[in-house]
There are 2 protein chains.
Amino acid sequence: MNKKPNIKDVAKKAGLSLSTVSLVINNKSRVSKETRDKVKKIISELNYHPQRSGRFLASKLSGNIGFILTEDHFSKSEPFYTRIFLGTEFEARKSNYYVLLTTVNFNVKDTKEIPRFLLESNIDGVIIAGKIGSSWIDYLRERNIPLLLVDFDKPDKGVSTVLIDNFEGAKLAVSHLAKGGHKKIGFIGGDIEHPSISDRYSGYRYTMNNLNLSISDSYICITEPETQSVNGYNAAKKIFQNKSNIPSALFIANDAMAVGCMRYLKENGKKIPADVAIVGFDNVEMGFLSEPRLTTINVHREEIGSIAVKRMVEMIKEKTELRTKTITNVELVVRESCGIKINNPVKD
Amino acid sequence: MNKKPNIKDVAKKAGLSLSTVSLVINNKSRVSKETRDKVKKIISELNYHPQRSGRFLASKLSGNIGFILTEDHFSKSEPFYTRIFLGTEFEARKSNYYVLLTTVNFNVKDTKEIPRFLLESNIDGVIIAGKIGSSWIDYLRERNIPLLLVDFDKPDKGVSTVLIDNFEGAKLAVSHLAKGGHKKIGFIGGDIEHPSISDRYSGYRYTMNNLNLSISDSYICITEPETQSVNGYNAAKKIFQNKSNIPSALFIANDAMAVGCMRYLKENGKKIPADVAIVGFDNVEMGFLSEPRLTTINVHREEIGSIAVKRMVEMIKEKTELRTKTITNVELVVRESCGIKINNPVKD
DNA sequence: TTATAATGTCGAAACGTTTCGATTAAATTT
DNA sequence: AAATTTAATCGAAACGTTTCGACATTATAA
């Protein structure tokens, strides 16, 4: 039962001081090539690995990144943010970090329950996914903790963000429907205050105008408070109960709602896509399994997580206050819910 | 910009020594009630929270639990283990731990790439989910690192485990089909060497015998190496190509394969459940969205993760070598892929 | 040649806690 | 009253690393 070697063992065996060995480990300059090589050789001979506990205390760096999700996103096992989280995990491993996941109750407007990893200084930076109260931003700012938002922005706060090209996605969706000959194109979106949803809505309006298609209020439902499947069901009900003026196509701001909407339509004798063509947004698995399979806008969720971690690591390493805003691209995924055949996917 | 208070600040303000304050923080005995209360009061006045870095170094406890998953389970975004992981996260938070997730390449038989959290002693215990080479067990044993397996067992190694009642699940599934009048009940399972799958197979055989139903080899396919949807498709092909002797019902060892199997059957003009009745296993979301919706065996995935963390915390705290084996129950979920109506779900 | 700068190495302090053994004071037993 | 036990607190060492300033040596410039 021989103990794990520590930096002292390395130093002793190399006939050098602790400090020099430390300099080698951390790739600092001011060490001669020979010394460096010798130390490295001994490190690998001893199979030495610096203990996190020591480094953590001395350098104040934990090697962890915090990932904050609002409770509703987590507990509903919403696959969207979960995938982003898995993307962060993957990238973190590459960058020698670990991700500590935690959830906060979004409704608590002010920062009541501070995640333990913040209280204990157990993270070097924080990534927050989704809509969040701005007191969080203030809290982290005050404490000089690197912060990055994902799929959310507070433009006035000047925070670094990783966003989705929602506007472009809406353009792709609406153009696709228009290409199929549709003129009466409606919009369904829940939680319209979420920047991502409202951007999709803006993109919808913009593209409709651009294509000289008129927008009727009775084609639109943006009053649902959430984005679950049942909200899509309810939204469809609102639009299609009005028998006199109904759309022939719908752009729905997320797939879960699109699936709920399709359920309503099928229950009420509408054929998809013959009677109503549908395009969703997000490209979550459920849209692939629905009948008909859902045409949608793909969002690179894992990549978003990965980019977020890369940016975060930069922020931690460079201690820069430089603000970055990364917008990830989206693409149209054509399946059967539109009845429109195309040769090349619309990429614009 | 006032710094975070540390234990010294607390001690000074209380007029006590560091050690006494530490004893209070850690709820150790031998502190008088008055002192304890006074210290607690001051701690909350100062809003003091012990820094993880210091504790980590002094106590050698990181407050983290490692969660190891084989790469294939992770990257295929297999929802099964992901859910177990989310369950561990949830429970860990309650117990004041964090979970560090990592993947290892299963094919590397011997412990080639040791997860960084082990090298750096960054975890207090390890949970391993799914099939794993036994060199991992040896590695952790040698180093006295608490270990717990989930959905996997190496009976000869005497490791603590959290398992699924696979045998019982198989009984429920087969009994249900038999209750619907089926006599020719087949079995499909991939990765038959995985204990969970082979237990489901044993349960199938046991129940068939118990019900005096004969088992024909041509109803069975256990040769697929993996458990993906496509493996189910292929297995169905093997069974139903032989036109002369085909089963009227199938128990399929996991939902993903069941969905693949259903795809094959539908493509080949078989009606489900009229021509072939199907019961899956796992109750993953995809079975809920399939047409017809899949009758299956529910596995409490989040709870499994939660139990695993509870056990692990016990192992860490009590430093016990006591081996525990927890078997979680399963239940039949009746949907439409069997065409069998029941009043009360079969609970046996 | 001397002064100055650059390079390589080192000693010691610092990081924030836990914990062991010692010390003192109070309670109990003899 | 003395001896022993128990309770409460404390001082100091320990955990494993990083980093700052000092120092010695060598290279460069004046």
# chains A, B, ... in the order shown; residues from 1 in each chain; ligands from 1

$ closest_atom_pairs --of "chain A" --to "chain B" --cutoff "6 Å" --atoms "only C-alpha atoms" --output "tab-separated table"
residue	atom	partner	partner_atom	distance
A:Gln51	CA	B:Glu120	CA	4.6
A:Arg52	CA	B:Glu120	CA	5.3
A:Ser53	CA	B:Leu57	CA	4.8
A:Phe56	CA	B:Ser53	CA	5.6
A:Leu57	CA	B:Ser53	CA	4.8
A:Glu120	CA	B:Gln51	CA	4.6

$ residues_around --residues "DT23 in chain C" --least-positions-apart "6" --cutoff "12 Å" --atoms "only C-alpha atoms (C1' of nucleotides)" --output "VMD selection string"
chain D and resid 8 to 11

$ write_last_selection --atoms "N, CA and C atoms (P, O5', C5', C4', C3', O3' and C1' of nucleotides)" --output "PDB file, in the first residue's frame"
ATOM      1  P    DA D   8     -19.546  20.134  28.001  1.00  0.00           P
ATOM      2  O5'  DA D   8     -18.280  21.058  27.757  1.00  0.00           O
ATOM      3  C5'  DA D   8     -18.065  22.198  28.581  1.00  0.00           C
ATOM      4  C4'  DA D   8     -16.822  22.906  28.108  1.00  0.00           C
ATOM      5  C3'  DA D   8     -16.866  23.414  26.666  1.00  0.00           C
ATOM      6  O3'  DA D   8     -16.719  24.826  26.723  1.00  0.00           O
ATOM      7  C1'  DA D   8     -14.810  22.319  27.130  1.00  0.00           C
ATOM      8  P    DT D   9     -16.746  25.704  25.410  1.00  0.00           P
ATOM      9  O5'  DT D   9     -15.201  25.757  25.077  1.00  0.00           O
ATOM     10  C5'  DT D   9     -14.336  26.498  25.929  1.00  0.00           C
ATOM     11  C4'  DT D   9     -12.904  26.271  25.512  1.00  0.00           C
ATOM     12  C3'  DT D   9     -12.530  26.773  24.123  1.00  0.00           C
ATOM     13  O3'  DT D   9     -11.828  28.001  24.293  1.00  0.00           O
ATOM     14  C1'  DT D   9     -11.450  24.718  24.696  1.00  0.00           C
ATOM     15  P    DC D  10     -11.300  28.787  23.039  1.00  0.00           P
ATOM     16  O5'  DC D  10      -9.830  28.193  22.931  1.00  0.00           O
ATOM     17  C5'  DC D  10      -9.016  28.136  24.097  1.00  0.00           C
ATOM     18  C4'  DC D  10      -7.721  27.430  23.770  1.00  0.00           C
ATOM     19  C3'  DC D  10      -7.057  27.930  22.483  1.00  0.00           C
ATOM     20  O3'  DC D  10      -5.747  28.325  22.791  1.00  0.00           O
ATOM     21  C1'  DC D  10      -7.169  25.565  22.512  1.00  0.00           C
ATOM     22  P    DG D  11      -5.024  29.425  21.921  1.00  0.00           P
ATOM     23  O5'  DG D  11      -3.666  28.668  21.558  1.00  0.00           O
ATOM     24  C5'  DG D  11      -3.079  27.788  22.517  1.00  0.00           C
ATOM     25  C4'  DG D  11      -2.064  26.896  21.841  1.00  0.00           C
ATOM     26  C3'  DG D  11      -1.359  27.515  20.638  1.00  0.00           C
ATOM     27  O3'  DG D  11       0.014  27.139  20.755  1.00  0.00           O
ATOM     28  C1'  DG D  11      -2.507  25.534  19.968  1.00  0.00           C
TER      29       DG D  11
END

$ residues_around --residues "Glu224 in chain B" --least-positions-apart "4" --cutoff "12 Å" --atoms "only C-alpha atoms (C1' of nucleotides)" --output "PyMOL selection string"
chain B and resi 188-193+197+220+228-238+253+257

$ closest_atom_pairs --of "chain C" --to "chain A" --cutoff "8 Å" --atoms "only C-alpha atoms (C1' of nucleotides)" --output "CSV"
residue,atom,partner,partner_atom,distance
C:DT7,C1',A:Arg30,CA,6.6
C:DG8,C1',A:Val31,CA,6.0
C:DT9,C1',A:Thr20,CA,6.8
C:DC10,C1',A:Ser17,CA,6.2
C:DA14,C1',A:Ala58,CA,7.6
C:DC15,C1',A:Ala58,CA,4.8
C:DG16,C1',A:Leu57,CA,7.4

$ residues_around --residues "Glu71 in chain A" --least-positions-apart "5" --cutoff "8 Å" --atoms "only C-alpha atoms (C1' of nucleotides)" --output "ChimeraX atom specification"
/A:103-106

$ interface_residues --of "chain D" --to "chain A" --cutoff "12 Å" --atoms "only C-alpha atoms (C1' of nucleotides)" --output "PyMOL selection string"
chain D and resi 15-20

$ write_last_selection --atoms "N, CA and C atoms (P, O5', C5', C4', C3', O3' and C1' of nucleotides)" --output "PDB file, in the first residue's frame"
ATOM      1  P    DC D  15       0.922  15.699   6.220  1.00  0.00           P
ATOM      2  O5'  DC D  15      -0.206  15.926   5.136  1.00  0.00           O
ATOM      3  C5'  DC D  15      -1.568  15.659   5.389  1.00  0.00           C
ATOM      4  C4'  DC D  15      -2.413  16.478   4.441  1.00  0.00           C
ATOM      5  C3'  DC D  15      -1.677  16.838   3.151  1.00  0.00           C
ATOM      6  O3'  DC D  15      -1.984  15.851   2.173  1.00  0.00           O
ATOM      7  C1'  DC D  15      -2.962  18.683   4.030  1.00  0.00           C
ATOM      8  P    DG D  16      -0.770  15.282   1.268  1.00  0.00           P
ATOM      9  O5'  DG D  16      -0.684  16.343   0.085  1.00  0.00           O
ATOM     10  C5'  DG D  16      -1.816  16.521  -0.745  1.00  0.00           C
ATOM     11  C4'  DG D  16      -1.546  17.688  -1.670  1.00  0.00           C
ATOM     12  C3'  DG D  16      -0.210  17.582  -2.407  1.00  0.00           C
ATOM     13  O3'  DG D  16      -0.481  17.806  -3.772  1.00  0.00           O
ATOM     14  C1'  DG D  16      -0.395  19.683  -1.315  1.00  0.00           C
ATOM     15  P    DT D  17       0.661  17.800  -4.851  1.00  0.00           P
ATOM     16  O5'  DT D  17       0.809  19.361  -5.117  1.00  0.00           O
ATOM     17  C5'  DT D  17      -0.073  19.997  -5.975  1.00  0.00           C
ATOM     18  C4'  DT D  17      -0.297  21.439  -5.588  1.00  0.00           C
ATOM     19  C3'  DT D  17       0.581  22.455  -6.296  1.00  0.00           C
ATOM     20  O3'  DT D  17      -0.020  22.744  -7.537  1.00  0.00           O
ATOM     21  C1'  DT D  17       0.098  23.052  -4.003  1.00  0.00           C
ATOM     22  P    DT D  18       0.763  23.645  -8.580  1.00  0.00           P
ATOM     23  O5'  DT D  18       0.636  25.107  -7.945  1.00  0.00           O
ATOM     24  C5'  DT D  18      -0.619  25.756  -7.934  1.00  0.00           C
ATOM     25  C4'  DT D  18      -0.456  27.153  -7.376  1.00  0.00           C
ATOM     26  C3'  DT D  18       0.364  28.105  -8.242  1.00  0.00           C
ATOM     27  O3'  DT D  18      -0.324  29.341  -8.236  1.00  0.00           O
ATOM     28  C1'  DT D  18       1.305  27.995  -6.069  1.00  0.00           C
ATOM     29  P    DT D  19       0.010  30.468  -9.298  1.00  0.00           P
ATOM     30  O5'  DT D  19       0.922  31.486  -8.474  1.00  0.00           O
ATOM     31  C5'  DT D  19       0.445  31.945  -7.214  1.00  0.00           C
ATOM     32  C4'  DT D  19       1.533  32.754  -6.549  1.00  0.00           C
ATOM     33  C3'  DT D  19       2.451  33.512  -7.526  1.00  0.00           C
ATOM     34  O3'  DT D  19       2.741  34.762  -6.946  1.00  0.00           O
ATOM     35  C1'  DT D  19       3.752  32.180  -6.129  1.00  0.00           C
ATOM     36  P    DC D  20       2.920  36.038  -7.862  1.00  0.00           P
ATOM     37  O5'  DC D  20       3.488  37.090  -6.812  1.00  0.00           O
ATOM     38  C5'  DC D  20       3.184  36.932  -5.411  1.00  0.00           C
ATOM     39  C4'  DC D  20       4.439  37.183  -4.602  1.00  0.00           C
ATOM     40  C3'  DC D  20       5.422  38.127  -5.285  1.00  0.00           C
ATOM     41  O3'  DC D  20       5.809  39.158  -4.400  1.00  0.00           O
ATOM     42  C1'  DC D  20       6.510  36.107  -4.678  1.00  0.00           C
TER      43       DC D  20
END

$ select_by_dssp --residues "range 202-259 of chain A" --states "strand (DSSP E or B)" --output "list of chain:residue names"
A:Ile220, A:Cys221, A:Ala249, A:Leu250, A:Phe251, A:Ile252

$ write_last_selection --atoms "N, CA and C atoms" --output "mmCIF file, in the first residue's frame"
data_model
loop_
_atom_site.group_PDB
_atom_site.id
_atom_site.type_symbol
_atom_site.label_atom_id
_atom_site.label_comp_id
_atom_site.auth_asym_id
_atom_site.auth_seq_id
_atom_site.Cartn_x
_atom_site.Cartn_y
_atom_site.Cartn_z
ATOM 1 N N ILE A 220 -52.656 33.504 -35.341
ATOM 2 C CA ILE A 220 -51.541 33.605 -34.405
ATOM 3 C C ILE A 220 -51.988 33.340 -32.977
ATOM 4 N N CYS A 221 -51.194 32.559 -32.261
ATOM 5 C CA CYS A 221 -51.438 32.416 -30.828
ATOM 6 C C CYS A 221 -50.111 32.523 -30.093
ATOM 7 N N ALA A 249 -51.215 26.659 -42.932
ATOM 8 C CA ALA A 249 -49.881 26.229 -42.486
ATOM 9 C C ALA A 249 -49.539 26.943 -41.190
ATOM 10 N N LEU A 250 -48.686 26.304 -40.403
ATOM 11 C CA LEU A 250 -48.293 26.895 -39.131
ATOM 12 C C LEU A 250 -46.791 26.773 -38.938
ATOM 13 N N PHE A 251 -46.216 27.854 -38.466
ATOM 14 C CA PHE A 251 -44.845 27.789 -37.968
ATOM 15 C C PHE A 251 -44.958 27.841 -36.442
ATOM 16 N N ILE A 252 -44.469 26.808 -35.811
ATOM 17 C CA ILE A 252 -44.630 26.696 -34.364
ATOM 18 C C ILE A 252 -43.260 26.792 -33.704
#

$ residues_around --residues "range 156-163 of chain B" --least-positions-apart "3" --cutoff "8 Å" --atoms "only C-alpha atoms (C1' of nucleotides)" --output "list in words"
Ile137, Leu147, Leu148, Leu149, Val150, Asp151, Phe152, Asp153, Ile304, Ile307, Ala308, Arg323, Thr324, Lys325, Thr326, Ile327 and Thr328 of chain B

$ write_last_selection --atoms "C-alpha atoms" --output "PDB file, in the first residue's frame"
ATOM      1  CA  ILE B 137     -13.373  -2.773  -9.771  1.00  0.00           C
ATOM      2  CA  LEU B 147     -17.617   1.910  -5.322  1.00  0.00           C
ATOM      3  CA  LEU B 148     -21.148   1.188  -6.344  1.00  0.00           C
ATOM      4  CA  LEU B 149     -22.434  -0.414  -9.525  1.00  0.00           C
ATOM      5  CA  VAL B 150     -25.732   0.473 -11.121  1.00  0.00           C
ATOM      6  CA  ASP B 151     -27.605  -1.817 -13.493  1.00  0.00           C
ATOM      7  CA  PHE B 152     -24.697  -4.171 -13.498  1.00  0.00           C
ATOM      8  CA  ASP B 153     -23.185  -6.723 -11.193  1.00  0.00           C
ATOM      9  CA  ILE B 304     -32.198   4.379  -9.182  1.00  0.00           C
ATOM     10  CA  ILE B 307     -30.735   5.437  -4.369  1.00  0.00           C
ATOM     11  CA  ALA B 308     -27.255   5.037  -5.727  1.00  0.00           C
ATOM     12  CA  ARG B 323     -21.969  -4.778   0.898  1.00  0.00           C
ATOM     13  CA  THR B 324     -25.488  -3.842  -0.091  1.00  0.00           C
ATOM     14  CA  LYS B 325     -27.527  -4.965  -3.028  1.00  0.00           C
ATOM     15  CA  THR B 326     -30.642  -2.927  -3.732  1.00  0.00           C
ATOM     16  CA  ILE B 327     -33.184  -4.184  -6.198  1.00  0.00           C
ATOM     17  CA  THR B 328     -35.681  -1.658  -7.483  1.00  0.00           C
TER      18      THR B 328
END

$ select_by_dssp --residues "range 102-220 of chain B" --states "helix (DSSP H, G or I)" --output "PyMOL selection string"
chain B and resi 116-119+134-142+155-157+166-179+195-210+217-219

$ write_last_selection --atoms "C-alpha atoms" --output "mmCIF file, in the first residue's frame"
data_model
loop_
_atom_site.group_PDB
_atom_site.id
_atom_site.type_symbol
_atom_site.label_atom_id
_atom_site.label_comp_id
_atom_site.auth_asym_id
_atom_site.auth_seq_id
_atom_site.Cartn_x
_atom_site.Cartn_y
_atom_site.Cartn_z
ATOM 1 C CA ARG B 116 -8.900 12.521 -14.267
ATOM 2 C CA PHE B 117 -11.005 12.768 -11.133
ATOM 3 C CA LEU B 118 -9.401 9.583 -9.892
ATOM 4 C CA LEU B 119 -5.865 10.664 -10.669
ATOM 5 C CA SER B 134 -13.699 -5.882 -13.865
ATOM 6 C CA SER B 135 -10.292 -4.250 -13.864
ATOM 7 C CA TRP B 136 -12.117 -1.097 -12.861
ATOM 8 C CA ILE B 137 -13.373 -2.773 -9.771
ATOM 9 C CA ASP B 138 -9.889 -3.948 -8.888
ATOM 10 C CA TYR B 139 -8.425 -0.535 -9.498
ATOM 11 C CA LEU B 140 -10.848 1.152 -7.145
ATOM 12 C CA ARG B 141 -10.590 -1.558 -4.520
ATOM 13 C CA GLU B 142 -6.839 -1.269 -4.373
ATOM 14 C CA PRO B 155 -21.332 -11.309 -8.325
ATOM 15 C CA ASP B 156 -17.896 -12.773 -7.721
ATOM 16 C CA LYS B 157 -16.422 -9.406 -6.822
ATOM 17 C CA ASN B 166 -35.417 -7.647 -14.415
ATOM 18 C CA PHE B 167 -36.629 -11.112 -13.648
ATOM 19 C CA GLU B 168 -39.877 -9.833 -12.209
ATOM 20 C CA GLY B 169 -40.294 -7.482 -15.156
ATOM 21 C CA ALA B 170 -39.993 -10.347 -17.581
ATOM 22 C CA LYS B 171 -42.573 -12.281 -15.616
ATOM 23 C CA LEU B 172 -44.971 -9.353 -15.770
ATOM 24 C CA ALA B 173 -44.461 -8.951 -19.488
ATOM 25 C CA VAL B 174 -44.860 -12.585 -20.425
ATOM 26 C CA SER B 175 -47.812 -13.118 -18.090
ATOM 27 C CA HIS B 176 -49.524 -10.153 -19.620
ATOM 28 C CA LEU B 177 -49.144 -11.561 -23.113
ATOM 29 C CA ALA B 178 -50.300 -14.964 -21.954
ATOM 30 C CA LYS B 179 -53.325 -13.386 -20.350
ATOM 31 C CA PRO B 195 -26.709 -9.212 -16.845
ATOM 32 C CA SER B 196 -29.873 -7.125 -17.144
ATOM 33 C CA ILE B 197 -30.662 -8.527 -20.554
ATOM 34 C CA SER B 198 -29.835 -12.077 -19.636
ATOM 35 C CA ASP B 199 -31.995 -11.810 -16.516
ATOM 36 C CA ARG B 200 -34.867 -10.653 -18.682
ATOM 37 C CA TYR B 201 -34.262 -13.634 -20.880
ATOM 38 C CA SER B 202 -34.192 -15.992 -17.908
ATOM 39 C CA GLY B 203 -37.388 -14.464 -16.642
ATOM 40 C CA TYR B 204 -38.952 -15.066 -20.010
ATOM 41 C CA ARG B 205 -37.944 -18.723 -20.077
ATOM 42 C CA TYR B 206 -38.948 -19.259 -16.487
ATOM 43 C CA THR B 207 -42.379 -17.768 -16.990
ATOM 44 C CA MET B 208 -43.015 -19.614 -20.216
ATOM 45 C CA ASN B 209 -42.262 -22.883 -18.491
ATOM 46 C CA ASN B 210 -44.331 -21.900 -15.535
ATOM 47 C CA ASP B 217 -36.053 -21.342 -31.006
ATOM 48 C CA SER B 218 -37.456 -19.711 -34.090
ATOM 49 C CA TYR B 219 -39.307 -17.214 -31.894
#

$ atom_distance --atom1 "CA of Pro225 in chain B" --atom2 "CA of Gly186 in chain B"
18.1 Å

$ decode --residues "range 148-175 of chain A" --atoms "C-alpha atoms" --output "compact mmCIF listing (two decimals), in the first residue's frame"
# COMPACT_ATOMS: atom_id res chain seq x y z
CA LEU A 148 -21.90 33.30 -19.67
CA LEU A 149 -25.51 33.03 -20.72
CA VAL A 150 -26.82 30.39 -23.09
CA ASP A 151 -30.01 30.76 -25.09
CA PHE A 152 -30.79 33.93 -23.26
CA ASP A 153 -29.62 37.50 -23.26
CA LYS A 154 -29.96 40.62 -21.21
CA PRO A 155 -28.73 43.10 -23.78
CA ASP A 156 -28.55 45.94 -21.30
CA LYS A 157 -26.30 44.00 -18.96
CA GLY A 158 -23.56 43.36 -21.48
CA VAL A 159 -23.00 39.71 -20.66
CA SER A 160 -21.25 37.21 -22.87
CA THR A 161 -23.69 34.89 -24.54
CA VAL A 162 -24.08 31.89 -26.79
CA LEU A 163 -27.25 32.21 -28.77
CA ILE A 164 -29.24 30.46 -31.44
CA ASP A 165 -29.93 32.10 -34.76
CA ASN A 166 -33.63 32.22 -34.09
CA PHE A 167 -34.37 34.91 -36.58
CA GLU A 168 -32.74 32.99 -39.38
CA GLY A 169 -34.52 29.83 -38.33
CA ALA A 170 -37.87 31.55 -38.54
CA LYS A 171 -36.97 32.81 -42.01
CA LEU A 172 -36.10 29.30 -43.13
CA ALA A 173 -39.32 27.89 -41.73
CA VAL A 174 -41.63 30.48 -43.18
CA SER A 175 -39.88 30.53 -46.56
